[in-house]
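Everything below concerns the one structure shown next.
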Amino acid sequence: ILQKKTYSRTTLCLMAQLRRQKEIRLPPASVSIESELYNCRHGSELIFKLHPLLIARHVLFSTTYPVQDSTTFSRDKFHDLPWTSTQTTCKEFDPNRCISLILDTAGTFNFIYKWTTAEGETIEKKGYFLVEPKTSIPINSLTLQTYIVRCLGPLEEWKPRLSLSKFCNYNAIHLTPVQERGLSDSAYSIKDHLKLHPNIISADAKAKLSSSPHIKIQNTICADFSYEVDIGHLLLEEALRNMSSEWGLLRVTDLVWNHCSFDTTWLRDHPDAGYNLENSPHLILAYVMDRELFLLSKEIGEGKCQESYGLLPKVQDHNDYKHRLRNLLSDCLQKRTRLEEYYLLDVDTVYESVHTKLQAAQYSKLGVSDKKLEPINKMFVRHSACVDEDLALQVFFGELNDASSAGKVESCLSRFKESLIEMNRESLNSMTQLHTAVINSTMDRFNYRFCDESGPQLQTVSSTTPICPVYFFHLDGVTWLTDEQIQTPDNARRVLAHNGYVYGEWNPLLQTAGPESSMYLRRGIEVWGDSCKLNYGDKPEDNPWLWEYMRHYTILMARMFDGFRIDNCHNTPIHVAEYFLDEARRINPNILVIAELFTNSLETDKQFINRMGLNLLIREAIHIKEPKSLTSYIYQLGGSSLVGSMFHQKTLPSNGDTPLAIFYDTTHDNQCLIVAHSVFDVVPTTAVLSMSTSPVGSCRGYDELIPHMIDVVKEKRLYSSYKEDEMSSGIFKIKRELNKLHSNLVTEGYTEMYVDFLTDTVLSITRHNPNTLESHVLITHTCFSYPDAQYKPTKQAKHKPFPIPTLFLDGQVSEIVLEAFIKEDTSVSYVEAEDVINGLVGYVPFIQMNINPNRSKLVKVNYSFTNFKVKVDFMDFPPGAVIVFLVRPTQESVNAANSLRGLAAFQQLNRVARTQYVEGMNARNTFDSEVSKLSLLDFNMLLYHSEGEEMELGGGLYDIPGYGKTVYAGLQGFVSILENIRRNNDLGHALCNNIREGNWMLEFIAK
């Protein structure tokens, strides 16, 4: 920007400085602030001010932010801060008093403010603010590529495979877990969190490093915790640091706290690390349901259901089979599980027990309660349900006193007994509803597993391929337990719950396997059969071995990587993630935290973000079903401003921020875009993402046009290695330029955005630099499904041009930064290689970069349309095409902006700086010269003038369509409105619409 000499260095530095402050105005008691999100840049200043209703109060303020260099962060340690003022001294009720923090420590921090009301009530309110980590790359310019570690091969082969990221201008790489994998070989089924997978580093390589294959790690929580860590971590850390230093890449990896592999060795010694039937007896009912569903599957596989229900082991006619299976479940499941026996009360026994207790009680001391009495079964044994007898006495007999008649006592007893009968009735109804929900869920899973084209399409029902996934697994050869066997502690602790993904409506703030959740009982989880869900309890003391083990796993990864991706974050207990992220930040204070967080609730997202200190949430373009849905994603994810946004004062009052996200074209655990959309949408999708103001991500295989998902479990082949002269295939060169463009748009200050549609499928995105007034304009022809043959670009035949209306651009088209599309070569067919992962070769990329507009193959640019607009005609813009224009303002616009901006910037400088700022000084001198000629009457006309005064001169006030008249005819009439518009950046205001539609307001002011 400086080289273009549009503005002086002083002006640009000042403009950048104007956005380095954020103000939080602390609201009164009636307004909640705890759920608001305040994202702050590292090194910025955060200012707290009081709401006008609190100015007259004695407000105390404290925060967990470490205010001194020697202070260490602790979530429980608050620091009291004094109020300061812009005045020389700060008086107690000074309306200008504030608290200012210079934010040079990354993480999430609490603040508390409290005051006493006139009635003597103390009110305390709490909030959070987040400080971004200080990274070598601006977070919004992040371009990240995911690699499945298994497909990289041994460590010595990583560099040639990872070099593709460098060529394509990715500035960050994400590696799936590097730890030893379990029996399924899934990337996320970790067998030992403290060992590298043996395929990464050979025994010979370790031997060269040291004669000792392990390094010691100190423990702090559990005195009995003792283990050694694979020394291969040092080799991997060194290799990653060298690549990062050479290529300038950030390193990100997954953290998997929520589960481990079901064949993890240490589970035998520490079965309490999982949710078993001893430490989580509430899961016994879910286990009984799981057992009976499995046994039914086994009986179907053995042919035992053929005669009664016509169910053969082999699934053929899908609709008929589903009908018969539902009949079987409806007839048999509730009879076999008999879950109501866990909640049905023995009415006479419970009645007599409470009656006996009542007879021994003193009525006046019973107390009263309005709580609902419900059956309880703390032991989860059949026929052992009871009620809280003390609560029963309070609910049904609390109205009695020592003078109550025998008749009244009998009436209360009768009402109590009737309530017991009603409880049993409700329990039966509840169990019927539960079994209906279970049957529906089971049929959904059966349909996916056996019938759905997107599922595994199993053919035969058996004990190895049951009708639905199994929720529990058994250690040490233990098989399905009977009800009696469950009551033996040694048996119960060796039955553990699998982890899985929760589908449907749920509360992610609750533990899915905890006593407050019924997800396992209601079969609301898509379980991963190779996993074990880990049970941390509420604090480290509840399971010290597990907390210490995972703490050291986290520390190892914090040493090795610059960022984390929290796997299955929505299913990870918040207090667990809080603890481990605090430990990680002690080792690596500027760790970048990305989260796989899908809660379907903005408010819940904010709770996770605030408490964990999440920097970016993962969002995926592949789930977008139509081009127009892209617009909301693009606007929201990066927190961008609209083109033409108002300039703000140095301190920007914040009403809360939206969560920041990293926008993926495709993630590694979803179907590839070629299958979900079409191969012709690969370039448009990545182009749209490159124009967003959010960080962007992709996975290895996207740029190579791999026509299938690279499975994190099943894929055993390796990624291909490419030499520099082999980069002409795929979309490597196109992605290289788009990633470069994405980073440049952030670092060069293109902070404003506008999205529009030329047709239903042709999308326009403008990224505007409010300082230089330059814009990059992307036009892309999206292709969410395969195009009509007449428009499809092929190498063998000429296609018909797609009709697109003429585009008009404000300014001057300086150059075409990029134009690209891909052609289909129908003479080449795809053959999947056996040893390496290979992409489509029948699609040929076309790309031109940094060309004169006259050389474009896609459009014709007409410069002679007007002095201020450029006409763009689309000669041939096929599906899958993209073009990016660099549009610069006219010289007249630059001169006018320099004059106005120079004057505005000059006003912000102190006296010494003003003497050094020649550009601003000249603008001020010109302004002063004109203003000095004005009289007080002139000032009144210029700034104010009421409607009556204007009418005397034959005029009137300015009438804004959709708003009404201004208060004054002069400048103040417009400034008052613009101040409100600027505060909320309300570009949809009637005045903004009026300005966009014509120059009437400017002409009114000039006259």
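Ligands are numbered from 1 in the order shown, chains are lettered A, B, ... in the order of the structure tokens, and residues start at 1 in each chain.
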
inquiry  = Using only C-alpha atoms, which protein or nucleic acid residues come within 8 Å of Ser462 of chain A? Drop anything in the same chain fewer than 5 positions from it, and give the result as a PyMOL selection string.
reply    = chain A and resi 297-302+313+467

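The protein and nucleic acid residues lying at most 10 Å from segment 555-559 of chain A are Pro177, Val178, His193, Leu194, Ile217, Val229, His233, Leu234, Glu237, Val252, Thr253, Asp254, Leu255, Met550, Arg551, Gly563, Phe564, Phe580, Leu581, Glu583, Ala584, Arg585, Arg586, Ile587, Asn588, Pro589, Asn590 and Ile591 of chain A, with only C-alpha atoms considered and sequence neighbours fewer than 4 positions away removed.
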
File of the preceding selection, N, CA and C atoms, as a PDB file, in the first residue's frame:
ATOM      1  N   PRO A 177      -4.103 -37.234  14.470  1.00  0.00           N
ATOM      2  CA  PRO A 177      -3.275 -37.688  15.599  1.00  0.00           C
ATOM      3  C   PRO A 177      -2.091 -38.541  15.173  1.00  0.00           C
ATOM      4  N   VAL A 178      -0.957 -38.258  15.798  1.00  0.00           N
ATOM      5  CA  VAL A 178       0.294 -38.977  15.491  1.00  0.00           C
ATOM      6  C   VAL A 178       0.498 -40.142  16.449  1.00  0.00           C
ATOM      7  N   HIS A 193      -1.898 -42.578  24.136  1.00  0.00           N
ATOM      8  CA  HIS A 193      -1.741 -41.147  23.856  1.00  0.00           C
ATOM      9  C   HIS A 193      -0.304 -40.676  24.040  1.00  0.00           C
ATOM     10  N   LEU A 194       0.531 -41.483  24.680  1.00  0.00           N
ATOM     11  CA  LEU A 194       1.904 -41.065  24.971  1.00  0.00           C
ATOM     12  C   LEU A 194       2.936 -41.758  24.088  1.00  0.00           C
ATOM     13  N   ILE A 217       8.856 -38.234  32.228  1.00  0.00           N
ATOM     14  CA  ILE A 217       7.952 -37.108  32.387  1.00  0.00           C
ATOM     15  C   ILE A 217       7.571 -37.001  33.863  1.00  0.00           C
ATOM     16  N   VAL A 229       7.797 -41.779  28.187  1.00  0.00           N
ATOM     17  CA  VAL A 229       7.287 -41.298  26.909  1.00  0.00           C
ATOM     18  C   VAL A 229       8.270 -41.662  25.801  1.00  0.00           C
ATOM     19  N   HIS A 233       9.170 -38.735  20.034  1.00  0.00           N
ATOM     20  CA  HIS A 233       8.566 -37.406  20.032  1.00  0.00           C
ATOM     21  C   HIS A 233       9.601 -36.329  19.722  1.00  0.00           C
ATOM     22  N   LEU A 234      10.823 -36.524  20.206  1.00  0.00           N
ATOM     23  CA  LEU A 234      11.877 -35.535  19.967  1.00  0.00           C
ATOM     24  C   LEU A 234      12.238 -35.472  18.488  1.00  0.00           C
ATOM     25  N   GLU A 237       9.316 -33.783  16.689  1.00  0.00           N
ATOM     26  CA  GLU A 237       9.301 -32.354  17.000  1.00  0.00           C
ATOM     27  C   GLU A 237      10.378 -31.614  16.207  1.00  0.00           C
ATOM     28  N   VAL A 252      -0.519 -27.699  13.249  1.00  0.00           N
ATOM     29  CA  VAL A 252      -1.730 -27.951  14.036  1.00  0.00           C
ATOM     30  C   VAL A 252      -1.961 -29.456  14.106  1.00  0.00           C
ATOM     31  N   THR A 253      -2.411 -29.934  15.256  1.00  0.00           N
ATOM     32  CA  THR A 253      -2.762 -31.350  15.384  1.00  0.00           C
ATOM     33  C   THR A 253      -4.031 -31.489  16.201  1.00  0.00           C
ATOM     34  N   ASP A 254      -4.590 -32.700  16.183  1.00  0.00           N
ATOM     35  CA  ASP A 254      -5.803 -32.976  16.951  1.00  0.00           C
ATOM     36  C   ASP A 254      -5.469 -33.309  18.391  1.00  0.00           C
ATOM     37  N   LEU A 255      -6.351 -32.917  19.285  1.00  0.00           N
ATOM     38  CA  LEU A 255      -6.343 -33.411  20.659  1.00  0.00           C
ATOM     39  C   LEU A 255      -7.619 -34.213  20.862  1.00  0.00           C
ATOM     40  N   MET A 550      -3.702 -37.669  30.660  1.00  0.00           N
ATOM     41  CA  MET A 550      -4.092 -36.768  29.580  1.00  0.00           C
ATOM     42  C   MET A 550      -3.404 -35.408  29.695  1.00  0.00           C
ATOM     43  N   ARG A 551      -3.060 -35.013  30.907  1.00  0.00           N
ATOM     44  CA  ARG A 551      -2.317 -33.751  31.066  1.00  0.00           C
ATOM     45  C   ARG A 551      -0.969 -33.841  30.360  1.00  0.00           C
ATOM     46  N   GLY A 563      -0.790 -25.209  17.168  1.00  0.00           N
ATOM     47  CA  GLY A 563      -2.233 -25.122  17.319  1.00  0.00           C
ATOM     48  C   GLY A 563      -2.853 -26.476  17.550  1.00  0.00           C
ATOM     49  N   PHE A 564      -4.053 -26.459  18.121  1.00  0.00           N
ATOM     50  CA  PHE A 564      -4.822 -27.674  18.374  1.00  0.00           C
ATOM     51  C   PHE A 564      -6.133 -27.628  17.599  1.00  0.00           C
ATOM     52  N   PHE A 580      -7.193 -28.763  30.613  1.00  0.00           N
ATOM     53  CA  PHE A 580      -6.083 -29.158  29.750  1.00  0.00           C
ATOM     54  C   PHE A 580      -5.596 -27.997  28.878  1.00  0.00           C
ATOM     55  N   LEU A 581      -6.495 -27.133  28.451  1.00  0.00           N
ATOM     56  CA  LEU A 581      -6.050 -25.974  27.673  1.00  0.00           C
ATOM     57  C   LEU A 581      -5.251 -25.004  28.537  1.00  0.00           C
ATOM     58  N   GLU A 583      -3.304 -25.965  30.932  1.00  0.00           N
ATOM     59  CA  GLU A 583      -1.998 -26.615  31.010  1.00  0.00           C
ATOM     60  C   GLU A 583      -1.213 -26.407  29.716  1.00  0.00           C
ATOM     61  N   ALA A 584      -1.892 -26.486  28.576  1.00  0.00           N
ATOM     62  CA  ALA A 584      -1.220 -26.285  27.287  1.00  0.00           C
ATOM     63  C   ALA A 584      -0.677 -24.871  27.169  1.00  0.00           C
ATOM     64  N   ARG A 585      -1.439 -23.893  27.635  1.00  0.00           N
ATOM     65  CA  ARG A 585      -1.013 -22.496  27.511  1.00  0.00           C
ATOM     66  C   ARG A 585       0.140 -22.176  28.463  1.00  0.00           C
ATOM     67  N   ARG A 586       0.314 -22.958  29.491  1.00  0.00           N
ATOM     68  CA  ARG A 586       1.505 -22.759  30.346  1.00  0.00           C
ATOM     69  C   ARG A 586       2.774 -23.133  29.575  1.00  0.00           C
ATOM     70  N   ILE A 587       2.657 -24.118  28.692  1.00  0.00           N
ATOM     71  CA  ILE A 587       3.795 -24.566  27.891  1.00  0.00           C
ATOM     72  C   ILE A 587       3.937 -23.725  26.634  1.00  0.00           C
ATOM     73  N   ASN A 588       2.819 -23.436  25.999  1.00  0.00           N
ATOM     74  CA  ASN A 588       2.802 -22.684  24.741  1.00  0.00           C
ATOM     75  C   ASN A 588       1.731 -21.601  24.863  1.00  0.00           C
ATOM     76  N   PRO A 589       2.080 -20.421  25.386  1.00  0.00           N
ATOM     77  CA  PRO A 589       1.078 -19.390  25.687  1.00  0.00           C
ATOM     78  C   PRO A 589       0.260 -18.946  24.485  1.00  0.00           C
ATOM     79  N   ASN A 590       0.802 -19.092  23.287  1.00  0.00           N
ATOM     80  CA  ASN A 590       0.108 -18.603  22.095  1.00  0.00           C
ATOM     81  C   ASN A 590      -0.401 -19.734  21.217  1.00  0.00           C
ATOM     82  N   ILE A 591      -0.866 -20.792  21.865  1.00  0.00           N
ATOM     83  CA  ILE A 591      -1.413 -21.917  21.110  1.00  0.00           C
ATOM     84  C   ILE A 591      -2.730 -21.485  20.459  1.00  0.00           C
TER      85      ILE A 591
END

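Residue nearest Tyr843 of chain A within the list A:Thr766, A:Gln487, A:Asn922, A:Ser728: A:Ser728 [criterion: smallest interatomic distance, only C-alpha atoms].
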
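Nearest to Ala990 of chain A of all the residues A:Pro154, A:Pro684, A:Gly964, A:Gly749 is A:Gly964, based on only C-alpha atoms.
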
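For the atom pair formed by atom CA of Thr176 of chain A and atom CA of Thr572 of chain A, the distance is 17.8 Å, given to one decimal.
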
query = Nearest to His42 of chain A: which of A:Thr116, A:Gln316, A:Ser261, A:Thr135 is it, counting only C-alpha atoms?
reply =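 Ranked by minimum distance to His42 of chain A, first place goes to A:Thr135.
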
inquiry  = as a ChimeraX atom specification, please: the residues near Ile977 of chain A (cut-off 10 Å, only C-alpha atoms, same-chain neighbours under 5 positions excluded).
reply    = /A:966-967,972,982,989,991

query = What is the atom CA of Asp483 of chain A to atom CA of Leu345 of chain A distance in Å?
reply =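 Computing the Euclidean distance for atom CA of Asp483 of chain A and atom CA of Leu345 of chain A yields 18.8 Å.
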